[in-house]
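Shown here: input.pdb, PDB, C-alpha atoms.
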ATOM      1  CA  MET D   1     128.256  99.615  93.383
ATOM      2  CA  ARG D   2     128.054  96.110  94.851
ATOM      3  CA  ASP D   3     128.208  95.153  98.515
ATOM      4  CA  LEU D   4     128.427  91.417  99.146
ATOM      5  CA  THR D   5     128.026  89.878 102.612
ATOM      6  CA  VAL D   6     128.050  86.162 103.425
ATOM      7  CA  CYS D   7     126.996  84.753 106.795
ATOM      8  CA  THR D   8     128.098  81.222 107.646
ATOM      9  CA  SER D   9     126.168  78.770 109.808
ATOM     10  CA  LYS D  10     128.448  79.601 112.737
ATOM     11  CA  GLY D  11     127.621  83.303 112.572
ATOM     12  CA  HIS D  12     130.829  84.426 110.873
ATOM     13  CA  PHE D  13     130.541  87.164 108.284
ATOM     14  CA  MET D  14     132.603  87.428 105.133
ATOM     15  CA  THR D  15     132.713  90.579 103.050
ATOM     16  CA  GLN D  16     135.789  89.940 100.927
ATOM     17  CA  VAL D  17     134.216  87.421  98.567
ATOM     18  CA  ALA D  18     134.981  87.263  94.875
ATOM     19  CA  PRO D  19     131.887  87.411  92.662
ATOM     20  CA  HIS D  20     132.871  84.197  90.839
ATOM     21  CA  ASP D  21     132.758  82.337  94.176
ATOM     22  CA  LEU D  22     129.053  83.000  94.608
ATOM     23  CA  SER D  23     128.013  79.861  92.778
ATOM     24  CA  LYS D  24     129.997  77.669  95.162
ATOM     25  CA  ILE D  25     128.706  79.503  98.228
ATOM     26  CA  ARG D  26     125.101  79.195  97.078
ATOM     27  CA  GLU D  27     125.478  75.411  97.005
ATOM     28  CA  HIS D  28     125.709  75.458 100.807
ATOM     29  CA  PRO D  29     122.157  76.019 102.153
ATOM     30  CA  ASP D  30     123.493  76.836 105.634
ATOM     31  CA  GLN D  31     125.155  80.023 104.363
ATOM     32  CA  THR D  32     123.192  83.230 103.843
ATOM     33  CA  ILE D  33     124.154  85.666 101.094
ATOM     34  CA  TRP D  34     123.181  89.316 100.779
ATOM     35  CA  LEU D  35     124.206  91.104  97.603
ATOM     36  CA  ASP D  36     123.307  94.786  97.521
ATOM     37  CA  VAL D  37     123.577  96.659  94.211
ATOM     38  CA  GLU D  38     123.298 100.450  94.348
ATOM     39  CA  SER D  39     122.902 102.561  91.183
ATOM     40  CA  PRO D  40     123.144  99.450  88.993
ATOM     41  CA  THR D  41     124.769  99.572  85.584
ATOM     42  CA  GLU D  42     124.166  97.309  82.621
ATOM     43  CA  ASP D  43     127.175  95.223  83.688
ATOM     44  CA  ASP D  44     125.559  94.688  87.097
ATOM     45  CA  PHE D  45     122.331  93.470  85.515
ATOM     46  CA  GLU D  46     124.265  91.192  83.194
ATOM     47  CA  PHE D  47     126.092  89.724  86.192
ATOM     48  CA  LEU D  48     122.765  89.035  87.936
ATOM     49  CA  ARG D  49     121.390  87.343  84.831
ATOM     50  CA  GLU D  50     124.397  85.078  84.487
ATOM     51  CA  GLU D  51     124.957  84.298  88.164
ATOM     52  CA  PHE D  52     121.384  83.896  89.448
ATOM     53  CA  GLN D  53     119.519  83.179  86.214
ATOM     54  CA  PHE D  54     116.777  85.640  87.113
ATOM     55  CA  HIS D  55     113.714  85.730  84.882
ATOM     56  CA  PRO D  56     113.765  88.390  82.117
ATOM     57  CA  LEU D  57     110.473  89.855  83.357
ATOM     58  CA  ALA D  58     111.892  90.319  86.863
ATOM     59  CA  MET D  59     115.016  91.931  85.461
ATOM     60  CA  GLU D  60     112.895  94.208  83.313
ATOM     61  CA  ASP D  61     110.874  95.314  86.347
ATOM     62  CA  ALA D  62     114.096  96.009  88.248
ATOM     63  CA  THR D  63     115.294  98.367  85.513
ATOM     64  CA  ARG D  64     112.129 100.438  85.378
ATOM     65  CA  ARG D  65     110.986 103.129  87.743
ATOM     66  CA  HIS D  66     107.534 103.653  89.271
ATOM     67  CA  GLN D  67     106.819  99.970  89.738
ATOM     68  CA  ARG D  68     103.877  99.116  91.952
ATOM     69  CA  PRO D  69     104.796  97.267  95.198
ATOM     70  CA  LYS D  70     104.187  93.574  94.606
ATOM     71  CA  VAL D  71     105.344  90.002  95.123
ATOM     72  CA  ASP D  72     106.011  87.776  92.099
ATOM     73  CA  SER D  73     106.880  84.097  92.338
ATOM     74  CA  TYR D  74     109.433  82.639  89.926
ATOM     75  CA  GLY D  75     109.700  79.102  91.198
ATOM     76  CA  SER D  76     112.862  78.974  93.301
ATOM     77  CA  TYR D  77     112.863  82.660  94.237
ATOM     78  CA  TYR D  78     110.551  85.646  94.716
ATOM     79  CA  PHE D  79     110.702  89.153  93.347
ATOM     80  CA  VAL D  80     109.477  91.860  95.742
ATOM     81  CA  VAL D  81     109.095  95.594  95.101
ATOM     82  CA  PHE D  82     109.122  97.861  98.151
ATOM     83  CA  TYR D  83     109.769 101.575  98.661
ATOM     84  CA  ALA D  84     111.872 103.694 101.007
ATOM     85  CA  ILE D  85     110.594 107.203 101.740
ATOM     86  CA  ASN D  86     112.626 110.184 102.868
ATOM     87  CA  VAL D  87     112.466 113.984 102.836
ATOM     88  CA  ASP D  88     114.529 116.056 100.435
ATOM     89  CA  ASP D  89     116.519 118.504 102.575
ATOM     90  CA  GLN D  90     116.548 121.197  99.892
ATOM     91  CA  THR D  91     112.929 121.182  98.713
ATOM     92  CA  SER D  92     111.230 119.460 101.709
ATOM     93  CA  ARG D  93     109.422 117.269  99.193
ATOM     94  CA  LEU D  94     108.923 113.544  99.792
ATOM     95  CA  MET D  95     111.171 111.232  97.783
ATOM     96  CA  LEU D  96     110.256 107.635  96.951
ATOM     97  CA  THR D  97     113.128 105.242  96.292
ATOM     98  CA  PRO D  98     112.213 101.801  94.915
ATOM     99  CA  LEU D  99     113.860  98.729  96.394
ATOM    100  CA  TYR D 100     113.837  95.567  94.279
ATOM    101  CA  MET D 101     114.441  92.356  96.218
ATOM    102  CA  PHE D 102     115.208  88.921  94.813
ATOM    103  CA  ILE D 103     114.550  86.501  97.664
ATOM    104  CA  GLY D 104     115.883  82.965  97.428
ATOM    105  CA  HIS D 105     116.215  80.149  99.934
ATOM    106  CA  ASN D 106     119.630  81.310 101.160
ATOM    107  CA  TYR D 107     120.262  84.572  99.306
ATOM    108  CA  LEU D 108     118.906  88.098  99.109
ATOM    109  CA  VAL D 109     119.703  90.424  96.216
ATOM    110  CA  THR D 110     118.648  94.060  96.624
ATOM    111  CA  VAL D 111     118.755  96.576  93.771
ATOM    112  CA  HIS D 112     118.018 100.292  94.157
ATOM    113  CA  PRO D 113     118.820 103.370  92.026
ATOM    114  CA  ARG D 114     119.670 105.684  94.949
ATOM    115  CA  PRO D 115     121.253 105.190  98.373
ATOM    116  CA  ILE D 116     118.907 103.768 101.009
ATOM    117  CA  SER D 117     120.095 104.384 104.558
ATOM    118  CA  GLN D 118     118.033 101.525 105.986
ATOM    119  CA  ILE D 119     120.174  98.981 104.128
ATOM    120  CA  GLY D 120     123.308 100.089 105.941
ATOM    121  CA  GLU D 121     121.469 100.058 109.266
ATOM    122  CA  THR D 122     120.185  96.542 108.653
ATOM    123  CA  LEU D 123     123.654  95.329 107.684
ATOM    124  CA  ARG D 124     125.073  96.709 110.912
ATOM    125  CA  ARG D 125     122.333  95.045 112.961
ATOM    126  CA  TRP D 126     122.848  91.771 111.117
ATOM    127  CA  ARG D 127     126.619  91.793 111.664
ATOM    128  CA  ASP D 128     126.367  92.799 115.324
ATOM    129  CA  PRO D 129     127.292  89.760 117.478
ATOM    130  CA  LYS D 130     124.662  90.803 120.057
ATOM    131  CA  SER D 131     121.950  91.291 117.458
ATOM    132  CA  PRO D 132     118.634  89.521 118.170
ATOM    133  CA  LEU D 133     118.230  88.870 114.456
ATOM    134  CA  GLY D 134     118.534  85.290 113.385
ATOM    135  CA  LEU D 135     120.964  84.098 110.781
ATOM    136  CA  ASP D 136     118.247  82.809 108.479
ATOM    137  CA  MET D 137     116.769  84.636 105.499
ATOM    138  CA  GLY D 138     113.408  85.333 107.156
ATOM    139  CA  GLY D 139     114.954  87.324 110.000
ATOM    140  CA  LEU D 140     117.090  89.322 107.597
ATOM    141  CA  ILE D 141     114.144  90.309 105.391
ATOM    142  CA  TYR D 142     112.062  91.204 108.424
ATOM    143  CA  ALA D 143     114.844  93.458 109.734
ATOM    144  CA  LEU D 144     115.106  95.254 106.397
ATOM    145  CA  LEU D 145     111.360  95.776 105.998
ATOM    146  CA  ASP D 146     111.023  96.834 109.620
ATOM    147  CA  ALA D 147     113.767  99.463 109.231
ATOM    148  CA  ILE D 148     112.145 100.859 106.080
ATOM    149  CA  VAL D 149     108.628 101.020 107.534
ATOM    150  CA  ASP D 150     109.782 102.484 110.860
ATOM    151  CA  ASP D 151     111.393 105.363 108.985
ATOM    152  CA  TYR D 152     107.999 106.184 107.478
ATOM    153  CA  PHE D 153     106.925 107.658 110.815
ATOM    154  CA  PRO D 154     109.466 110.548 110.896
ATOM    155  CA  VAL D 155     108.452 111.391 107.337
ATOM    156  CA  ILE D 156     104.772 111.519 108.320
ATOM    157  CA  ASP D 157     105.664 113.622 111.372
ATOM    158  CA  HIS D 158     107.507 116.026 109.066
ATOM    159  CA  VAL D 159     104.364 116.352 106.943
ATOM    160  CA  ALA D 160     102.267 116.924 110.072
ATOM    161  CA  ASP D 161     104.597 119.725 111.211
ATOM    162  CA  ARG D 162     104.395 121.382 107.806
ATOM    163  CA  ILE D 163     100.599 121.206 107.895
ATOM    164  CA  ASP D 164     100.509 122.769 111.387
ATOM    165  CA  ASP D 165     102.835 125.579 110.318
ATOM    166  CA  MET D 166     100.793 126.192 107.206
ATOM    167  CA  GLU D 167      97.525 126.362 109.157
ATOM    168  CA  GLN D 168      99.035 128.957 111.496
ATOM    169  CA  GLN D 169     100.254 130.990 108.545
ATOM    170  CA  ILE D 170      96.841 130.853 106.909
ATOM    171  CA  PHE D 171      95.117 132.479 109.886
ATOM    172  CA  ALA D 172      98.004 134.761 110.844
ATOM    173  CA  GLU D 173      99.182 136.042 107.474
ATOM    174  CA  VAL D 174      98.262 134.462 104.172
ATOM    175  CA  LYS D 175     101.300 134.066 101.934
ATOM    176  CA  ASP D 176     101.185 133.974  98.170
ATOM    177  CA  ASP D 177     102.783 130.515  98.006
ATOM    178  CA  ALA D 178     100.394 128.921 100.532
ATOM    179  CA  LEU D 179      98.163 127.499  97.819
ATOM    180  CA  GLN D 180     101.146 126.005  95.988
ATOM    181  CA  THR D 181     102.391 124.458  99.251
ATOM    182  CA  ILE D 182      99.012 122.873  99.926
ATOM    183  CA  PHE D 183      98.815 121.268  96.503
ATOM    184  CA  SER D 184     102.443 120.081  96.721
ATOM    185  CA  LEU D 185     101.724 118.361 100.026
ATOM    186  CA  LYS D 186      98.534 116.812  98.670
ATOM    187  CA  LYS D 187     100.462 115.491  95.676
ATOM    188  CA  ASP D 188     103.194 114.020  97.899
ATOM    189  CA  LEU D 189     100.698 112.358 100.229
ATOM    190  CA  LEU D 190      98.819 110.896  97.284
ATOM    191  CA  ALA D 191     102.043 109.447  95.859
ATOM    192  CA  VAL D 192     102.934 107.927  99.240
ATOM    193  CA  ARG D 193      99.397 106.559  99.640
ATOM    194  CA  ARG D 194      99.647 104.835  96.268
ATOM    195  CA  VAL D 195     102.840 103.127  97.417
ATOM    196  CA  VAL D 196     102.018 102.242 101.022
ATOM    197  CA  ALA D 197      98.605 100.711 100.299
ATOM    198  CA  PRO D 198     100.014  97.988  97.974
ATOM    199  CA  GLU D 199     102.834  97.380 100.471
ATOM    200  CA  ARG D 200     100.157  96.312 102.931
ATOM    201  CA  ASP D 201      99.140  93.627 100.427
ATOM    202  CA  VAL D 202     102.776  92.546 100.106
ATOM    203  CA  LEU D 203     103.045  92.044 103.854
ATOM    204  CA  ASN D 204      99.697  90.282 103.896
ATOM    205  CA  ILE D 205     101.056  87.706 101.448
ATOM    206  CA  MET D 206     104.096  87.202 103.640
ATOM    207  CA  LEU D 207     101.897  86.813 106.718
ATOM    208  CA  ARG D 208      99.959  84.046 105.032
ATOM    209  CA  ARG D 209     103.316  82.281 104.684
ATOM    210  CA  GLU D 210     102.968  82.050 100.944
ATOM    211  CA  ILE D 211     106.720  82.669 100.761
ATOM    212  CA  PRO D 212     108.512  79.572 102.139
ATOM    213  CA  VAL D 213     111.555  81.501 103.423
ATOM    214  CA  PHE D 214     109.500  82.715 106.376
ATOM    215  CA  GLU D 215     109.208  80.387 109.327
ATOM    216  CA  ALA D 216     106.371  80.274 111.822
ATOM    217  CA  ASP D 217     108.331  82.424 114.277
ATOM    218  CA  ASP D 218     108.792  85.136 111.644
ATOM    219  CA  VAL D 219     105.043  85.702 111.327
ATOM    220  CA  THR D 220     104.871  87.461 114.699
ATOM    221  CA  TYR D 221     107.528  89.962 113.638
ATOM    222  CA  LEU D 222     105.953  90.511 110.235
ATOM    223  CA  GLN D 223     102.640  91.187 111.949
ATOM    224  CA  ASP D 224     104.307  94.088 113.749
ATOM    225  CA  VAL D 225     105.472  95.547 110.427
ATOM    226  CA  TYR D 226     101.977  95.047 109.014
ATOM    227  CA  ASP D 227     100.451  96.942 111.954
ATOM    228  CA  HIS D 228     102.865  99.817 111.344
ATOM    229  CA  ILE D 229     101.837  99.953 107.696
ATOM    230  CA  VAL D 230      98.161 100.131 108.699
ATOM    231  CA  ARG D 231      98.947 102.995 111.084
ATOM    232  CA  ILE D 232     100.810 104.825 108.333
ATOM    233  CA  ILE D 233      97.846 104.474 105.962
ATOM    234  CA  ASP D 234      95.460 105.822 108.612
ATOM    235  CA  SER D 235      97.781 108.772 109.223
ATOM    236  CA  LEU D 236      98.008 109.508 105.505
ATOM    237  CA  ASP D 237      94.232 109.564 105.187
ATOM    238  CA  THR D 238      93.954 111.837 108.218
ATOM    239  CA  TYR D 239      96.512 114.315 106.921
ATOM    240  CA  ARG D 240      94.938 114.354 103.486
ATOM    241  CA  GLU D 241      91.673 115.378 105.136
ATOM    242  CA  LEU D 242      93.520 118.040 107.116
ATOM    243  CA  LEU D 243      95.004 119.384 103.907
ATOM    244  CA  SER D 244      91.551 119.550 102.359
ATOM    245  CA  SER D 245      90.357 121.467 105.428
ATOM    246  CA  ALA D 246      93.388 123.741 105.184
ATOM    247  CA  LEU D 247      92.560 124.408 101.547
ATOM    248  CA  ASP D 248      88.971 125.295 102.476
ATOM    249  CA  SER D 249      90.255 127.566 105.247
ATOM    250  CA  TYR D 250      92.659 129.251 102.847
ATOM    251  CA  LEU D 251      89.877 129.920 100.355
ATOM    252  CA  SER D 252      87.610 131.166 103.145
ATOM    253  CA  VAL D 253      90.268 133.575 104.403
ATOM    254  CA  GLN D 254      90.876 134.833 100.885
ATOM    255  CA  SER D 255      87.130 135.256 100.338
ATOM    256  CA  ASN D 256      86.804 137.105 103.652
ATOM    257  CA  LYS D 257      89.618 139.460 102.711
ATOM    258  CA  LEU D 258      87.976 140.068  99.353
ATOM    259  CA  ASN D 259      84.662 140.805 101.057
ATOM    260  CA  LYS D 260      86.336 143.375 103.294
ATOM    261  CA  VAL D 261      87.894 145.074 100.289
ATOM    262  CA  VAL D 262      84.572 145.096  98.457
ATOM    263  CA  LYS D 263      82.837 146.573 101.511
ATOM    264  CA  ALA D 264      85.457 149.311 101.823
ATOM    265  CA  LEU D 265      85.149 150.141  98.130
ATOM    266  CA  THR D 266      81.362 150.120  98.333
ATOM    267  CA  VAL D 267      81.281 152.493 101.302
ATOM    268  CA  THR D 268      83.847 154.763  99.644
ATOM    269  CA  SER D 269      81.822 154.814  96.433
ATOM    270  CA  ILE D 270      78.590 155.691  98.284
ATOM    271  CA  VAL D 271      80.313 158.482 100.210
ATOM    272  CA  LEU D 272      81.768 159.910  97.017
ATOM    273  CA  MET D 273      78.439 159.550  95.216
ATOM    274  CA  SER D 274      76.680 161.484  98.010
ATOM    275  CA  ALA D 275      79.214 164.296  97.785
ATOM    276  CA  THR D 276      78.984 164.217  93.991
ATOM    277  CA  LEU D 277      75.198 164.621  94.232
ATOM    278  CA  VAL D 278      75.613 167.947  96.051
ATOM    279  CA  ALA D 279      78.334 169.049  93.657
ATOM    280  CA  GLY D 280      76.151 168.042  90.724
ATOM    281  CA  VAL D 281      73.170 170.033  91.962
ATOM    282  CA  TYR D 282      75.216 173.192  92.424
ATOM    283  CA  GLY D 283      77.037 172.613  89.167
ATOM    284  CA  MET D 284      73.901 172.930  87.061
ATOM    285  CA  ASN D 285      73.869 175.945  84.743
ATOM    286  CA  PHE D 286      70.486 177.376  85.694
ATOM    287  CA  VAL D 287      70.292 181.183  86.006
ATOM    288  CA  HIS D 288      67.747 181.377  88.787
ATOM    289  CA  MET D 289      69.305 179.328  91.586
ATOM    290  CA  PRO D 290      68.889 180.731  95.114
ATOM    291  CA  GLU D 291      72.384 180.101  96.378
ATOM    292  CA  LEU D 292      74.356 181.203  93.321
ATOM    293  CA  GLN D 293      74.785 184.762  94.577
ATOM    294  CA  TRP D 294      75.043 183.819  98.237
ATOM    295  CA  ARG D 295      78.286 184.852  99.924
ATOM    296  CA  PHE D 296      78.480 181.613 101.980
ATOM    297  CA  GLY D 297      77.278 179.312  99.207
ATOM    298  CA  TYR D 298      80.660 177.636  98.661
ATOM    299  CA  ALA D 299      81.139 176.920 102.372
ATOM    300  CA  TRP D 300      77.529 175.723 102.583
ATOM    301  CA  ALA D 301      78.094 173.240  99.729
ATOM    302  CA  LEU D 302      81.286 171.892 101.314
ATOM    303  CA  ALA D 303      79.656 171.570 104.725
ATOM    304  CA  LEU D 304      76.670 169.802 103.197
ATOM    305  CA  MET D 305      79.002 167.331 101.447
ATOM    306  CA  ALA D 306      80.858 166.686 104.709
ATOM    307  CA  LEU D 307      77.640 166.204 106.718
ATOM    308  CA  ILE D 308      76.204 163.776 104.199
ATOM    309  CA  SER D 309      79.475 161.802 104.040
ATOM    310  CA  ILE D 310      79.678 161.614 107.852
ATOM    311  CA  GLY D 311      76.063 160.521 108.035
ATOM    312  CA  VAL D 312      76.675 157.748 105.506
ATOM    313  CA  VAL D 313      79.711 156.523 107.459
ATOM    314  CA  ILE D 314      77.734 156.522 110.731
ATOM    315  CA  PHE D 315      74.952 154.571 109.052
ATOM    316  CA  PHE D 316      77.313 151.877 107.793
ATOM    317  CA  ARG D 317      78.972 151.651 111.199
ATOM    318  CA  ARG D 318      75.571 150.988 112.802
ATOM    319  CA  ILE D 319      74.850 148.143 110.421
ATOM    320  CA  LYS D 320      78.419 146.853 111.118
ATOM    321  CA  TRP D 321      79.733 147.213 107.618
ATOM    322  CA  LEU D 322      82.682 149.176 108.961
TER     323      LEU D 322
END

Mind turning the file's structure into structure tokens?
Amino acid sequence: MRDLTVCTSKGHFMTQVAPHDLSKIREHPDQTIWLDVESPTEDDFEFLREEFQFHPLAMEDATRRHQRPKVDSYGSYYFVVFYAINVDDQTSRLMLTPLYMFIGHNYLVTVHPRPISQIGETLRRWRDPKSPLGLDMGGLIYALLDAIVDDYFPVIDHVADRIDDMEQQIFAEVKDDALQTIFSLKKDLLAVRRVVAPERDVLNIMLRREIPVFEADDVTYLQDVYDHIVRIIDSLDTYRELLSSALDSYLSVQSNKLNKVVKALTVTSIVLMSATLVAGVYGMNFVHMPELQWRFGYAWALALMALISIGVVIFFRRIKWL
């Protein structure tokens, strides 16, 4: 699905533009073009090759998943890989959606395999007559990156809430799936950390104005996005440590429960062994045993078993095993 938007030098936006008119529009440097391609097909990639003459290596990267965030220079344009992060409503797992950007002097081409809500938000901000965004390419890219990075914070807050709930469950009532939840969260945070850390390098390159589309005024705004990325990385490291602590707490609680069970079984075994000792003595088949002919011998044996068992229990209570 393609969404084409053209902004003229006077601030007018055109959305009903035929694809074959792109070449003529690109000849006017005062017009800004944004072509968004969602769930691209082979025909879409072929159109990009023919219309923009993108390098085969850049096109190959745009067709593959799990690309590392980066900035590649191809002479007249730049190829940037960035990621949008959201939470799956059904599984509560974190989803990473790659965003491939071809940045030229007066055009921006974005390619992504799944819908990215921040693109629609940025388009609405860009088209708003009262929008503070400029009409140049630098302001547009800043707005898009800022929208993507700002939406990282609700995702991190969601992870923090899950960690808090899990810690309460660990100390209140340990569930069987707690361990699986901990490792799932650790895996998600590690995947996000591997994406966000290189994105910091991408923004660092933009801050050094190595990409000519950014003017001096854009650096201040990009610095704000860079600061947000640094905060996200610090939060990820903090929550990874919390998950490690939660894992240690979970194992400690499980070990404590096991110790209690072992103590209960040990005390029970000793009590039964004490009673068995009395039963074993009176179960021996000797002829000359004093109590064998005694009328109260059976009651005496039971009482002796009970007294010994009670004494053992009292002893373990005094040493705080029970």

Check your understanding: Which residue, D:Ala84, D:Met137, D:Leu243, D:Ala216, has the smallest gap to Tyr152 (chain D) when you use all atoms listed in the file?
Key -> D:Ala84

Review point. Which residues come within 8 Å of Phe102 (chain D), counting all atoms listed in the file, excluding same-chain residues fewer than 4 positions away, as a VMD selection string?
Key: chain D and resid 77 to 80 108 to 110

Contacts of region 54-157 of chain D with region 200-204 of chain D up to 9 Å, shortest pair per row, all atoms listed in the file, as JSON lines:
{"residue": "D:Pro69", "atom": "CA", "partner": "D:Val202", "partner_atom": "CA", "distance": 7.1}
{"residue": "D:Lys70", "atom": "CA", "partner": "D:Val202", "partner_atom": "CA", "distance": 5.8}
{"residue": "D:Val71", "atom": "CA", "partner": "D:Val202", "partner_atom": "CA", "distance": 6.2}
{"residue": "D:Val80", "atom": "CA", "partner": "D:Val202", "partner_atom": "CA", "distance": 8.0}
{"residue": "D:Val81", "atom": "CA", "partner": "D:Val202", "partner_atom": "CA", "distance": 8.6}
{"residue": "D:Phe82", "atom": "CA", "partner": "D:Val202", "partner_atom": "CA", "distance": 8.5}

Prev. selection, C-alpha atoms, output as a PDB file, keeping the file's coordinate frame:
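Output contents, as saved in selection-v3.pdb:
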ATOM      1  CA  PRO D  69     104.796  97.267  95.198  1.00  0.00           C
ATOM      2  CA  LYS D  70     104.187  93.574  94.606  1.00  0.00           C
ATOM      3  CA  VAL D  71     105.344  90.002  95.123  1.00  0.00           C
ATOM      4  CA  VAL D  80     109.477  91.860  95.742  1.00  0.00           C
ATOM      5  CA  VAL D  81     109.095  95.594  95.101  1.00  0.00           C
ATOM      6  CA  PHE D  82     109.122  97.861  98.151  1.00  0.00           C
TER       7      PHE D  82
END

Check your understanding: If we count only C-alpha atoms, what is near Ala58 (chain D) at a cut-off of 12 Å, once residues fewer than 2 positions away on the same chain are taken out, given as an MDAnalysis selection string?
Key -> chainID D and resid 45 48:49 52:56 60:64 67 70:74 77:81 100:103 111

Review point. Where does the PyMOL selection byres ((chain D and resi 241) around 12) land in this file, that is, which residues does it pick, as a PyMOL selection string?
Key: chain D and resi 160+163+182+185-186+189-190+234-240+242-248

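CA of Asp146 (chain D) sits 12.9 Å away from CA of Leu123 (chain D).
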
**Study point:** Given the PyMOL selection byres ((chain D and resi 105) around 10), the residues it picks as a VMD selection string
**Key:** chain D and resid 26 29 to 33 76 to 78 103 to 104 106 to 108 136 to 138 211 to 214

For those residues, write C-alpha atoms to a file as a short mmCIF file (atom, residue, chain, number, x, y, z; two decimals), in the frame of the given file.
data_model
loop_
_atom_site.label_atom_id
_atom_site.label_comp_id
_atom_site.auth_asym_id
_atom_site.auth_seq_id
_atom_site.Cartn_x
_atom_site.Cartn_y
_atom_site.Cartn_z
CA ARG D 26 125.10 79.19 97.08
CA PRO D 29 122.16 76.02 102.15
CA ASP D 30 123.49 76.84 105.63
CA GLN D 31 125.16 80.02 104.36
CA THR D 32 123.19 83.23 103.84
CA ILE D 33 124.15 85.67 101.09
CA SER D 76 112.86 78.97 93.30
CA TYR D 77 112.86 82.66 94.24
CA TYR D 78 110.55 85.65 94.72
CA ILE D 103 114.55 86.50 97.66
CA GLY D 104 115.88 82.96 97.43
CA ASN D 106 119.63 81.31 101.16
CA TYR D 107 120.26 84.57 99.31
CA LEU D 108 118.91 88.10 99.11
CA ASP D 136 118.25 82.81 108.48
CA MET D 137 116.77 84.64 105.50
CA GLY D 138 113.41 85.33 107.16
CA ILE D 211 106.72 82.67 100.76
CA PRO D 212 108.51 79.57 102.14
CA VAL D 213 111.56 81.50 103.42
CA PHE D 214 109.50 82.72 106.38
#

**Study point:** Ground truth for the PyMOL selection byres ((chain D and resi 178) around 12), written as a list in words
**Key:**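 Applied to this file, the PyMOL selection byres ((chain D and resi 178) around 12) selects Arg162, Ile163, Asp165, Met166, Glu167, Gln168, Gln169, Ile170, Phe171, Glu173, Val174, Lys175, Asp176, Asp177, Leu179, Gln180, Thr181, Ile182, Phe183, Ser184, Leu185, Leu243, Ala246, Leu247, Ser249, Tyr250, Leu251, Val253 and Gln254 of chain D.
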
**Study point:** Atomic separation - CA of Val219 (chain D) relative to CA of Arg193 (chain D), Å
**Key:** 24.6 Å

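Between CA of Ile116 (chain D) and CA of Glu38 (chain D) the separation is 8.6 Å.
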
Check your understanding: Near region 86-93 of chain D, within 9 Å and counting all atoms listed in the file, which residues show up once chain neighbours fewer than 3 positions away are dropped, as JSON, numbers by chain?
Key -> {"D": [96, 97, 151, 152, 154, 155, 158, 184, 185, 188]}

How would the residues just picked look written out with C-alpha atoms as an mmCIF file, in the frame of the given file?
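File produced: result-v6.cif:
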data_model
loop_
_atom_site.group_PDB
_atom_site.id
_atom_site.type_symbol
_atom_site.label_atom_id
_atom_site.label_comp_id
_atom_site.auth_asym_id
_atom_site.auth_seq_id
_atom_site.Cartn_x
_atom_site.Cartn_y
_atom_site.Cartn_z
ATOM 1 C CA LEU D 96 110.256 107.635 96.951
ATOM 2 C CA THR D 97 113.128 105.242 96.292
ATOM 3 C CA ASP D 151 111.393 105.363 108.985
ATOM 4 C CA TYR D 152 107.999 106.184 107.478
ATOM 5 C CA PRO D 154 109.466 110.548 110.896
ATOM 6 C CA VAL D 155 108.452 111.391 107.337
ATOM 7 C CA HIS D 158 107.507 116.026 109.066
ATOM 8 C CA SER D 184 102.443 120.081 96.721
ATOM 9 C CA LEU D 185 101.724 118.361 100.026
ATOM 10 C CA ASP D 188 103.194 114.020 97.899
#

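Distance annotation: of D:Val313, D:Asp150, D:Lys187, D:Ile25, the residue with the minimal separation from Val225 (chain D) is D:Asp150; atom set is all atoms listed in the file.
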
Practice item. Find the spatial neighbours of region 295-311 of chain D, counting all atoms listed in the file, within a cut-off of 9 Å - ignore same-chain residues fewer than 6 positions away - and output them as a count of residues only. Key: 10

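Counting only C-alpha atoms, the residue from D:Met59, D:Leu222, D:Ile233, D:Leu4 that sits nearest to Asp36 (chain D) is D:Leu4.
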
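Each of D:His112, D:Pro290, D:Ser255, D:Val37 was compared to Arg65 (chain D) using all atoms listed in the file, and D:His112 turns out to be the nearest.
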